[in-house]
$ cat work.cif   # mmCIF, C-alpha atoms; chains and numbers go by the auth columns
data_work
loop_
_atom_site.group_PDB
_atom_site.id
_atom_site.type_symbol
_atom_site.label_atom_id
_atom_site.label_comp_id
_atom_site.label_asym_id
_atom_site.label_seq_id
_atom_site.Cartn_x
_atom_site.Cartn_y
_atom_site.Cartn_z
_atom_site.B_iso_or_equiv
_atom_site.auth_seq_id
_atom_site.auth_asym_id
ATOM 1 C CA LYS A 1 18.743 27.098 -4.132 0.00 13 C
ATOM 2 C CA PHE A 2 22.274 26.279 -2.961 0.00 14 C
ATOM 3 C CA THR A 3 25.308 27.711 -4.710 0.00 15 C
ATOM 4 C CA SER A 4 28.936 28.277 -3.849 0.00 16 C
ATOM 5 C CA ARG A 5 31.751 30.356 -5.267 0.00 17 C
ATOM 6 C CA VAL A 6 35.437 30.992 -4.708 0.00 18 C
ATOM 7 C CA ASP A 7 37.250 34.324 -4.775 0.00 19 C
ATOM 8 C CA GLY A 8 40.950 33.718 -4.071 0.00 20 C
ATOM 9 C CA SER A 9 41.096 32.224 -0.575 0.00 21 C
ATOM 10 C CA THR A 10 37.490 33.190 0.202 0.00 22 C
ATOM 11 C CA VAL A 11 34.747 30.597 -0.238 0.00 23 C
ATOM 12 C CA TRP A 12 31.057 31.453 -0.225 0.00 24 C
ATOM 13 C CA SER A 13 28.104 29.170 0.516 0.00 25 C
ATOM 14 C CA LEU A 14 24.891 30.839 -0.607 0.00 26 C
ATOM 15 C CA SER A 15 21.451 29.487 0.197 0.00 27 C
ATOM 16 C CA ASP A 16 18.335 31.282 -0.974 0.00 28 C
ATOM 17 C CA MET A 17 15.062 29.760 0.193 0.00 29 C
ATOM 18 C CA PRO A 18 11.976 31.603 -1.078 0.00 30 C
ATOM 19 C CA GLY A 19 8.656 31.185 0.677 0.00 31 C
ATOM 20 C CA GLU A 20 10.013 29.661 3.896 0.00 32 C
ATOM 21 C CA PRO A 21 8.123 29.763 7.194 0.00 33 C
ATOM 22 C CA VAL A 22 9.707 32.380 9.448 0.00 34 C
ATOM 23 C CA SER A 23 11.449 30.524 12.299 0.00 35 C
ATOM 24 C CA GLN A 24 10.532 31.178 15.919 0.00 36 C
ATOM 25 C CA PHE A 25 14.004 32.632 16.430 0.00 37 C
ATOM 26 C CA PHE A 26 13.447 35.229 13.699 0.00 38 C
ATOM 27 C CA ARG A 27 9.866 35.816 14.793 0.00 39 C
ATOM 28 C CA LEU A 28 11.406 37.359 17.945 0.00 40 C
ATOM 29 C CA MET A 29 13.075 39.998 15.748 0.00 41 C
ATOM 30 C CA TRP A 30 10.108 40.375 13.375 0.00 42 C
ATOM 31 C CA PRO A 31 6.964 40.037 15.505 0.00 43 C
ATOM 32 C CA THR A 32 4.782 41.879 12.974 0.00 44 C
ATOM 33 C CA GLY A 33 6.233 40.150 9.908 0.00 45 C
ATOM 34 C CA PRO A 34 4.464 37.641 7.669 0.00 46 C
ATOM 35 C CA GLU A 35 4.271 33.922 8.431 0.00 47 C
ATOM 36 C CA THR A 36 6.489 33.124 5.419 0.00 48 C
ATOM 37 C CA GLY A 37 9.351 35.005 3.840 0.00 49 C
ATOM 38 C CA ASP A 38 12.328 34.686 1.561 0.00 50 C
ATOM 39 C CA LYS A 39 15.139 33.281 3.694 0.00 51 C
ATOM 40 C CA ARG A 40 18.832 33.743 3.027 0.00 52 C
ATOM 41 C CA GLN A 41 21.727 31.947 4.615 0.00 53 C
ATOM 42 C CA TYR A 42 25.097 33.109 3.330 0.00 54 C
ATOM 43 C CA MET A 43 28.371 31.866 4.805 0.00 55 C
ATOM 44 C CA ARG A 44 31.693 33.478 3.919 0.00 56 C
ATOM 45 C CA TRP A 45 34.867 31.590 4.817 0.00 57 C
ATOM 46 C CA ASP A 46 38.207 33.379 4.736 0.00 58 C
ATOM 47 C CA ALA A 47 41.228 31.129 5.118 0.00 59 C
ATOM 48 C CA PRO A 48 42.395 29.831 7.373 0.00 60 C
ATOM 49 C CA GLY A 49 39.556 29.965 9.892 0.00 61 C
ATOM 50 C CA ASN A 50 37.277 33.002 9.823 0.00 62 C
ATOM 51 C CA LEU A 51 33.613 32.680 8.954 0.00 63 C
ATOM 52 C CA VAL A 52 30.833 35.233 8.695 0.00 64 C
ATOM 53 C CA LEU A 53 27.223 34.081 8.571 0.00 65 C
ATOM 54 C CA ASP A 54 24.540 36.394 7.185 0.00 66 C
ATOM 55 C CA VAL A 55 21.107 34.924 7.781 0.00 67 C
ATOM 56 C CA GLY A 56 17.756 36.604 7.548 0.00 68 C
ATOM 57 C CA TYR A 57 14.341 36.952 6.003 0.00 69 C
ATOM 58 C CA ALA A 58 12.610 39.397 3.707 0.00 70 C
ATOM 59 C CA PRO A 59 8.979 39.649 2.704 0.00 71 C
ATOM 60 C CA CYS A 60 8.332 37.262 -0.202 0.00 72 C
ATOM 61 C CA GLY A 61 9.610 39.006 -3.328 0.00 73 C
ATOM 62 C CA GLY A 62 10.658 42.074 -1.316 0.00 74 C
ATOM 63 C CA PRO A 63 14.005 43.671 -0.539 0.00 75 C
ATOM 64 C CA ARG A 64 16.050 42.198 2.276 0.00 76 C
ATOM 65 C CA GLU A 65 16.104 45.547 4.086 0.00 77 C
ATOM 66 C CA GLN A 66 12.411 45.054 4.907 0.00 78 C
ATOM 67 C CA GLY A 67 13.095 41.991 7.075 0.00 79 C
ATOM 68 C CA PRO A 68 15.362 41.048 9.966 0.00 80 C
ATOM 69 C CA GLY A 69 18.945 39.932 9.579 0.00 81 C
ATOM 70 C CA LEU A 70 21.647 38.520 11.797 0.00 82 C
ATOM 71 C CA LEU A 71 25.401 38.624 11.208 0.00 83 C
ATOM 72 C CA ALA A 72 27.548 36.183 13.145 0.00 84 C
ATOM 73 C CA ALA A 73 31.340 36.088 13.136 0.00 85 C
ATOM 74 C CA ASN A 74 33.088 32.797 13.924 0.00 86 C
ATOM 75 C CA LEU A 75 36.840 33.034 14.445 0.00 87 C
ATOM 76 C CA LEU A 76 38.757 29.776 14.819 0.00 88 C
ATOM 77 C CA THR A 77 42.318 29.539 16.112 0.00 89 C
ATOM 78 C CA PRO A 78 43.941 26.084 16.328 0.00 90 C
ATOM 79 C CA GLU A 79 45.597 25.319 19.647 0.00 91 C
ATOM 80 C CA THR A 80 46.797 21.749 19.082 0.00 92 C
ATOM 81 C CA MET A 81 46.155 19.063 16.460 0.00 93 C
ATOM 82 C CA THR A 82 42.818 18.276 18.139 0.00 94 C
ATOM 83 C CA THR A 83 41.757 21.481 19.913 0.00 95 C
ATOM 84 C CA THR A 84 40.723 24.896 18.675 0.00 96 C
ATOM 85 C CA HIS A 85 39.813 28.197 20.295 0.00 97 C
ATOM 86 C CA TYR A 86 36.390 29.222 18.997 0.00 98 C
ATOM 87 C CA PHE A 87 35.426 32.893 19.265 0.00 99 C
ATOM 88 C CA TRP A 88 32.083 34.167 18.071 0.00 100 C
ATOM 89 C CA GLY A 89 29.896 37.214 18.127 0.00 101 C
ATOM 90 C CA GLY A 90 26.698 38.326 16.514 0.00 102 C
ATOM 91 C CA ALA A 91 24.659 41.396 15.725 0.00 103 C
ATOM 92 C CA ARG A 92 21.102 41.874 14.539 0.00 104 C
ATOM 93 C CA ASP A 93 19.651 44.720 12.530 0.00 105 C
ATOM 94 C CA SER A 94 16.204 44.879 14.119 0.00 106 C
ATOM 95 C CA LEU A 95 14.981 45.738 17.622 0.00 107 C
ATOM 96 C CA ARG A 96 18.603 46.508 18.524 0.00 108 C
ATOM 97 C CA ASP A 97 17.714 48.455 21.674 0.00 109 C
ATOM 98 C CA ASP A 98 15.649 45.638 23.189 0.00 110 C
ATOM 99 C CA GLU A 99 17.957 44.434 25.993 0.00 111 C
ATOM 100 C CA ARG A 100 15.548 41.688 27.059 0.00 112 C
ATOM 101 C CA LEU A 101 15.569 40.301 23.517 0.00 113 C
ATOM 102 C CA SER A 102 19.383 40.532 23.433 0.00 114 C
ATOM 103 C CA ALA A 103 19.691 38.523 26.646 0.00 115 C
ATOM 104 C CA MET A 104 17.162 35.938 25.456 0.00 116 C
ATOM 105 C CA MET A 105 18.880 35.518 22.084 0.00 117 C
ATOM 106 C CA LEU A 106 22.327 35.223 23.674 0.00 118 C
ATOM 107 C CA LYS A 107 21.053 32.566 26.067 0.00 119 C
ATOM 108 C CA GLY A 108 19.436 30.649 23.177 0.00 120 C
ATOM 109 C CA ILE A 109 22.480 30.815 20.912 0.00 121 C
ATOM 110 C CA GLU A 110 24.806 29.740 23.730 0.00 122 C
ATOM 111 C CA ALA A 111 22.485 26.836 24.619 0.00 123 C
ATOM 112 C CA VAL A 112 22.385 25.611 21.017 0.00 124 C
ATOM 113 C CA PHE A 113 26.168 25.787 20.718 0.00 125 C
ATOM 114 C CA MET A 114 26.908 24.148 24.075 0.00 126 C
ATOM 115 C CA ASN A 115 24.178 21.470 23.875 0.00 127 C
ATOM 116 C CA GLU A 116 24.221 20.663 20.154 0.00 128 C
ATOM 117 C CA ASP A 117 27.160 22.033 18.156 0.00 129 C
ATOM 118 C CA ALA A 118 30.028 21.545 20.634 0.00 130 C
ATOM 119 C CA PRO A 119 29.130 17.934 21.546 0.00 131 C
ATOM 120 C CA MET A 120 28.760 17.038 17.847 0.00 132 C
ATOM 121 C CA ILE A 121 32.098 18.645 16.952 0.00 133 C
ATOM 122 C CA ALA A 122 33.803 16.830 19.850 0.00 134 C
ATOM 123 C CA ALA A 123 32.220 13.487 18.912 0.00 135 C
ATOM 124 C CA CYS A 124 33.309 13.859 15.276 0.00 136 C
ATOM 125 C CA GLN A 125 36.858 14.762 16.352 0.00 137 C
ATOM 126 C CA GLN A 126 36.996 11.762 18.679 0.00 138 C
ATOM 127 C CA ARG A 127 35.760 9.344 16.015 0.00 139 C
ATOM 128 C CA MET A 128 37.999 10.749 13.295 0.00 140 C
ATOM 129 C CA GLY A 129 41.119 11.135 15.400 0.00 141 C
ATOM 130 C CA THR A 130 43.796 12.570 13.129 0.00 142 C
ATOM 131 C CA THR A 131 42.361 10.940 10.010 0.00 143 C
ATOM 132 C CA GLU A 132 41.875 13.342 7.106 0.00 144 C
ATOM 133 C CA LEU A 133 38.161 13.718 6.383 0.00 145 C
ATOM 134 C CA MET A 134 38.266 12.862 2.690 0.00 146 C
ATOM 135 C CA SER A 135 40.099 9.589 3.397 0.00 147 C
ATOM 136 C CA LEU A 136 36.913 8.446 5.136 0.00 148 C
ATOM 137 C CA LYS A 137 35.035 8.758 1.827 0.00 149 C
ATOM 138 C CA PRO A 138 32.120 10.744 3.266 0.00 150 C
ATOM 139 C CA LEU A 139 28.790 10.999 1.503 0.00 151 C
ATOM 140 C CA LEU A 140 28.714 14.508 0.063 0.00 152 C
ATOM 141 C CA LEU A 141 25.616 16.496 -0.839 0.00 153 C
ATOM 142 C CA ASN A 142 25.363 19.563 -3.053 0.00 154 C
ATOM 143 C CA ILE A 143 25.169 21.730 0.074 0.00 155 C
ATOM 144 C CA ASP A 144 28.650 20.429 1.045 0.00 156 C
ATOM 145 C CA ALA A 145 30.321 21.981 -2.023 0.00 157 C
ATOM 146 C CA ALA A 146 31.567 25.098 -0.230 0.00 158 C
ATOM 147 C CA ALA A 147 32.964 23.114 2.715 0.00 159 C
ATOM 148 C CA VAL A 148 34.811 20.749 0.375 0.00 160 C
ATOM 149 C CA THR A 149 36.110 23.709 -1.617 0.00 161 C
ATOM 150 C CA ALA A 150 37.314 25.392 1.585 0.00 162 C
ATOM 151 C CA ARG A 151 39.252 22.233 2.497 0.00 163 C
ATOM 152 C CA ARG A 152 40.864 22.229 -0.955 0.00 164 C
ATOM 153 C CA VAL A 153 41.795 25.916 -0.701 0.00 165 C
ATOM 154 C CA LEU A 154 43.382 25.281 2.694 0.00 166 C
ATOM 155 C CA ASP A 155 45.229 22.196 1.391 0.00 167 C
ATOM 156 C CA GLU A 156 46.626 24.277 -1.499 0.00 168 C
ATOM 157 C CA MET A 157 47.730 27.010 0.900 0.00 169 C
ATOM 158 C CA LEU A 158 49.490 24.478 3.139 0.00 170 C
ATOM 159 C CA ALA A 159 51.198 22.814 0.165 0.00 171 C
ATOM 160 C CA SER A 160 52.351 26.200 -1.132 0.00 172 C
ATOM 161 C CA GLU A 161 53.702 27.135 2.302 0.00 173 C
ATOM 162 C CA ALA A 162 55.537 23.810 2.610 0.00 174 C
ATOM 163 C CA ALA A 163 57.058 24.220 -0.862 0.00 175 C
ATOM 164 C CA ALA A 164 58.225 27.739 -0.007 0.00 176 C
ATOM 165 C CA ARG A 165 59.899 26.467 3.172 0.00 177 C
ATOM 166 C CA ALA A 166 61.572 23.605 1.326 0.00 178 C
ATOM 167 C CA GLY A 167 62.549 25.816 -1.414 0.00 179 C
#
$ encode --input "work.cif" --output "structure tokens"
Amino acid sequence: KFTSRVDGSTVWSLSDMPGEPVSQFFRLMWPTGPETGDKRQYMRWDAPGNLVLDVGYAPCGGPREQGPGLLAANLLTPETMTTTHYFWGGARDSLRDDERLSAMMLKGIEAVFMNEDAPMIAACQQRMGTTELMSLKPLLLNIDAAAVTARRVLDEMLASEAAARAG
């Protein structure tokens, strides 16, 4: 189930997926857990560029405190019209003292970002240039609602700021 909501300049994307197979990544944090669990993936966006991801599993029908969770902060600071500083950090709530697991997870997360996310972001930026996304008439799915809403919130904030300066 995918939902989104807005609270001022904060946009939430909320995905609840009951009865999902526990991923290999989360199996590292929950080695004695069940094969399937109720998965959550909640993203909070605070304008203009701060995101917090809360992702985790719980036993099917059980409280989230009985399964592993991961919080990841993503802080974006524009540098130019086409470049952005991207800062991130994460914390897990299970097996926190396992330094070997910490090193393995850090290596995995960095590899995914550097080998998958960063090249895709760069390729999209190159293809789009300075064109505004919505002018390209993208195909939007229900899971895109929060991202579209975040763009609208940011557009409103920019328009309000421009009006105040002109004003």
$ residues_around --input "work.cif" --residues "Val64 in chain C" --least-positions-apart "2" --cutoff "9 Å" --atoms "all atoms listed in the file" --output "mmCIF file with C-alpha atoms, in the frame of the given file"
data_model
loop_
_atom_site.group_PDB
_atom_site.id
_atom_site.type_symbol
_atom_site.label_atom_id
_atom_site.label_comp_id
_atom_site.auth_asym_id
_atom_site.auth_seq_id
_atom_site.Cartn_x
_atom_site.Cartn_y
_atom_site.Cartn_z
ATOM 1 C CA TYR C 54 25.097 33.109 3.330
ATOM 2 C CA MET C 55 28.371 31.866 4.805
ATOM 3 C CA ARG C 56 31.693 33.478 3.919
ATOM 4 C CA TRP C 57 34.867 31.590 4.817
ATOM 5 C CA ASP C 58 38.207 33.379 4.736
ATOM 6 C CA ASN C 62 37.277 33.002 9.823
ATOM 7 C CA ASP C 66 24.540 36.394 7.185
ATOM 8 C CA LEU C 83 25.401 38.624 11.208
ATOM 9 C CA ALA C 84 27.548 36.183 13.145
ATOM 10 C CA ALA C 85 31.340 36.088 13.136
ATOM 11 C CA ASN C 86 33.088 32.797 13.924
ATOM 12 C CA LEU C 87 36.840 33.034 14.445
#
$ residues_around --input "work.cif" --residues "range 68-75 of chain C" --least-positions-apart "3" --cutoff "9 Å" --atoms "all atoms listed in the file" --output "number ranges by chain"
C: 30-32, 34, 38, 45-46, 48-53, 78-83
$ residues_around --input "work.cif" --residues "Met117 in chain C" --least-positions-apart "2" --cutoff "12 Å" --atoms "all atoms listed in the file" --output "number ranges by chain"
C: 36-41, 82, 101-104, 107-108, 110-115, 119-124
$ closest_residue --input "work.cif" --among "C:Leu65, C:Ala135, C:Ser106, C:Phe99" --to "Trp24 in chain C" --atoms "all atoms listed in the file"
C:Leu65
$ closest_residue --input "work.cif" --among "C:Leu88, C:Leu118, C:Leu26, C:Leu152" --to "Leu63 in chain C" --atoms "only C-alpha atoms"
C:Leu88
$ atom_distance --input "work.cif" --atom1 "CA of Ala171 in chain C" --atom2 "CA of Cys136 in chain C"
25.1 Å
$ atom_distance --input "work.cif" --atom1 "CA of Met126 in chain C" --atom2 "CA of Asp105 in chain C"
24.7 Å
$ axis_aligned_box --input "work.cif" --around "range 49-56 of chain C" --padding-each-side "5 Å" --output "lines of an AutoDock Vina configuration file"
center_x = 20.5
center_y = 33.4
center_z = 3.2
size_x = 32.3
size_y = 13.1
size_z = 13.2
$ closest_residue --input "work.cif" --among "C:Met93, C:Met29, C:Val67, C:Ala178" --to "Glu144 in chain C" --atoms "only C-alpha atoms"
C:Met93
$ resolve_selection --input "work.cif" --expression "the PyMOL selection byres ((chain C and resi 96) around 12)" --output "compact mmCIF listing (two decimals) with C-alpha atoms, keeping the file's coordinate frame"
# COMPACT_ATOMS: atom_id res chain seq x y z
CA GLY C 61 39.56 29.96 9.89
CA ASN C 86 33.09 32.80 13.92
CA LEU C 87 36.84 33.03 14.44
CA LEU C 88 38.76 29.78 14.82
CA THR C 89 42.32 29.54 16.11
CA PRO C 90 43.94 26.08 16.33
CA GLU C 91 45.60 25.32 19.65
CA THR C 92 46.80 21.75 19.08
CA MET C 93 46.16 19.06 16.46
CA THR C 94 42.82 18.28 18.14
CA THR C 95 41.76 21.48 19.91
CA HIS C 97 39.81 28.20 20.30
CA TYR C 98 36.39 29.22 19.00
CA PHE C 99 35.43 32.89 19.26
CA ALA C 130 30.03 21.54 20.63
CA ILE C 133 32.10 18.64 16.95
CA ALA C 134 33.80 16.83 19.85
CA GLN C 137 36.86 14.76 16.35
$ closest_residue --input "work.cif" --among "C:Asp129, C:Leu170, C:Pro33, C:Thr22" --to "Glu47 in chain C" --atoms "only C-alpha atoms"
C:Pro33
$ atom_distance --input "work.cif" --atom1 "CA of Ala158 in chain C" --atom2 "CA of Ser16 in chain C"
5.5 Å
$ closest_residue --input "work.cif" --among "C:Arg76, C:Ser21, C:Phe125, C:Arg139" --to "Trp100 in chain C" --atoms "only C-alpha atoms"
C:Phe125
$ closest_residue --input "work.cif" --among "C:Val160, C:Ile155, C:Leu166, C:Met116" --to "Phe14 in chain C" --atoms "all atoms listed in the file"
C:Ile155
$ residues_around --input "work.cif" --residues "Met169 in chain C" --least-positions-apart "6" --cutoff "10 Å" --atoms "only C-alpha atoms" --output "ChimeraX atom specification"
/C:21,59-60,163,175
$ build_atoms --input "work.cif" --residues "range 42-53 of chain C" --atoms "all heavy atoms" --output "JSON list (two decimals), in the frame of the given file"
[["chain", "number", "residue", "atom", "x", "y", "z"],
["C", 42, "TRP", "N", 11.05, 39.91, 14.40],
["C", 42, "TRP", "CA", 10.11, 40.38, 13.38],
["C", 42, "TRP", "C", 8.69, 40.00, 13.79],
["C", 42, "TRP", "O", 7.99, 39.27, 13.08],
["C", 42, "TRP", "CB", 10.48, 39.72, 12.06],
["C", 42, "TRP", "CG", 10.06, 40.39, 10.81],
["C", 42, "TRP", "CD1", 9.68, 41.69, 10.63],
["C", 42, "TRP", "CD2", 9.99, 39.78, 9.52],
["C", 42, "TRP", "NE1", 9.39, 41.93, 9.32],
["C", 42, "TRP", "CE2", 9.58, 40.76, 8.61],
["C", 42, "TRP", "CE3", 10.24, 38.50, 9.05],
["C", 42, "TRP", "CZ2", 9.40, 40.51, 7.25],
["C", 42, "TRP", "CZ3", 10.07, 38.25, 7.71],
["C", 42, "TRP", "CH2", 9.65, 39.24, 6.82],
["C", 43, "PRO", "N", 8.26, 40.47, 14.97],
["C", 43, "PRO", "CA", 6.96, 40.04, 15.50],
["C", 43, "PRO", "C", 5.77, 40.42, 14.64],
["C", 43, "PRO", "O", 4.73, 39.77, 14.70],
["C", 43, "PRO", "CB", 6.90, 40.70, 16.88],
["C", 43, "PRO", "CG", 7.86, 41.84, 16.82],
["C", 43, "PRO", "CD", 8.92, 41.43, 15.84],
["C", 44, "THR", "N", 5.89, 41.46, 13.82],
["C", 44, "THR", "CA", 4.78, 41.88, 12.97],
["C", 44, "THR", "C", 4.94, 41.43, 11.52],
["C", 44, "THR", "O", 4.15, 41.81, 10.66],
["C", 44, "THR", "CB", 4.63, 43.42, 13.00],
["C", 44, "THR", "OG1", 5.84, 44.00, 12.51],
["C", 44, "THR", "CG2", 4.35, 43.91, 14.41],
["C", 45, "GLY", "N", 5.97, 40.62, 11.27],
["C", 45, "GLY", "CA", 6.23, 40.15, 9.91],
["C", 45, "GLY", "C", 5.27, 39.05, 9.48],
["C", 45, "GLY", "O", 4.50, 38.52, 10.28],
["C", 46, "PRO", "N", 5.34, 38.69, 8.20],
["C", 46, "PRO", "CA", 4.46, 37.64, 7.67],
["C", 46, "PRO", "C", 4.86, 36.26, 8.20],
["C", 46, "PRO", "O", 5.94, 36.08, 8.77],
["C", 46, "PRO", "CB", 4.69, 37.74, 6.16],
["C", 46, "PRO", "CG", 6.07, 38.31, 6.03],
["C", 46, "PRO", "CD", 6.24, 39.23, 7.19],
["C", 47, "GLU", "N", 4.00, 35.30, 8.00],
["C", 47, "GLU", "CA", 4.27, 33.92, 8.43],
["C", 47, "GLU", "C", 5.37, 33.28, 7.59],
["C", 47, "GLU", "O", 6.10, 32.42, 8.08],
["C", 47, "GLU", "CB", 3.00, 33.07, 8.35],
["C", 47, "GLU", "CG", 1.92, 33.51, 9.33],
["C", 47, "GLU", "CD", 2.34, 33.33, 10.78],
["C", 47, "GLU", "OE1", 2.89, 32.25, 11.12],
["C", 47, "GLU", "OE2", 2.14, 34.28, 11.57],
["C", 48, "THR", "N", 5.46, 33.65, 6.31],
["C", 48, "THR", "CA", 6.49, 33.12, 5.42],
["C", 48, "THR", "C", 7.27, 34.28, 4.83],
["C", 48, "THR", "O", 6.78, 35.41, 4.73],
["C", 48, "THR", "CB", 5.91, 32.26, 4.28],
["C", 48, "THR", "OG1", 5.03, 33.08, 3.50],
["C", 48, "THR", "CG2", 5.15, 31.06, 4.82],
["C", 49, "GLY", "N", 8.51, 33.98, 4.43],
["C", 49, "GLY", "CA", 9.35, 35.01, 3.84],
["C", 49, "GLY", "C", 10.44, 34.35, 3.00],
["C", 49, "GLY", "O", 10.58, 33.13, 2.98],
["C", 50, "ASP", "N", 11.18, 35.17, 2.33],
["C", 50, "ASP", "CA", 12.33, 34.69, 1.56],
["C", 50, "ASP", "C", 13.54, 34.65, 2.50],
["C", 50, "ASP", "O", 13.98, 35.69, 3.00],
["C", 50, "ASP", "CB", 12.61, 35.59, 0.37],
["C", 50, "ASP", "CG", 11.50, 35.53, -0.67],
["C", 50, "ASP", "OD1", 10.72, 34.56, -0.66],
["C", 50, "ASP", "OD2", 11.41, 36.46, -1.50],
["C", 51, "LYS", "N", 14.04, 33.46, 2.75],
["C", 51, "LYS", "CA", 15.14, 33.28, 3.69],
["C", 51, "LYS", "C", 16.47, 33.24, 2.95],
["C", 51, "LYS", "O", 16.56, 32.67, 1.86],
["C", 51, "LYS", "CB", 14.96, 31.97, 4.47],
["C", 51, "LYS", "CG", 16.03, 31.74, 5.53],
["C", 51, "LYS", "CD", 15.77, 30.45, 6.28],
["C", 51, "LYS", "CE", 16.85, 30.23, 7.33],
["C", 51, "LYS", "NZ", 16.66, 28.93, 8.00],
["C", 52, "ARG", "N", 17.47, 33.84, 3.56],
["C", 52, "ARG", "CA", 18.83, 33.74, 3.03],
["C", 52, "ARG", "C", 19.72, 33.18, 4.13],
["C", 52, "ARG", "O", 19.49, 33.41, 5.31],
["C", 52, "ARG", "CB", 19.35, 35.10, 2.56],
["C", 52, "ARG", "CG", 19.65, 36.04, 3.70],
["C", 52, "ARG", "CD", 20.19, 37.39, 3.25],
["C", 52, "ARG", "NE", 20.39, 38.26, 4.37],
["C", 52, "ARG", "CZ", 19.46, 38.93, 5.02],
["C", 52, "ARG", "NH1", 18.20, 38.86, 4.64],
["C", 52, "ARG", "NH2", 19.76, 39.70, 6.05],
["C", 53, "GLN", "N", 20.72, 32.47, 3.69],
["C", 53, "GLN", "CA", 21.73, 31.95, 4.62],
["C", 53, "GLN", "C", 23.04, 31.92, 3.85],
["C", 53, "GLN", "O", 23.29, 31.02, 3.06],
["C", 53, "GLN", "CB", 21.33, 30.56, 5.09],
["C", 53, "GLN", "CG", 22.17, 30.03, 6.21],
["C", 53, "GLN", "CD", 21.53, 28.81, 6.85],
["C", 53, "GLN", "OE1", 20.39, 28.88, 7.30],
["C", 53, "GLN", "NE2", 22.24, 27.71, 6.86]]
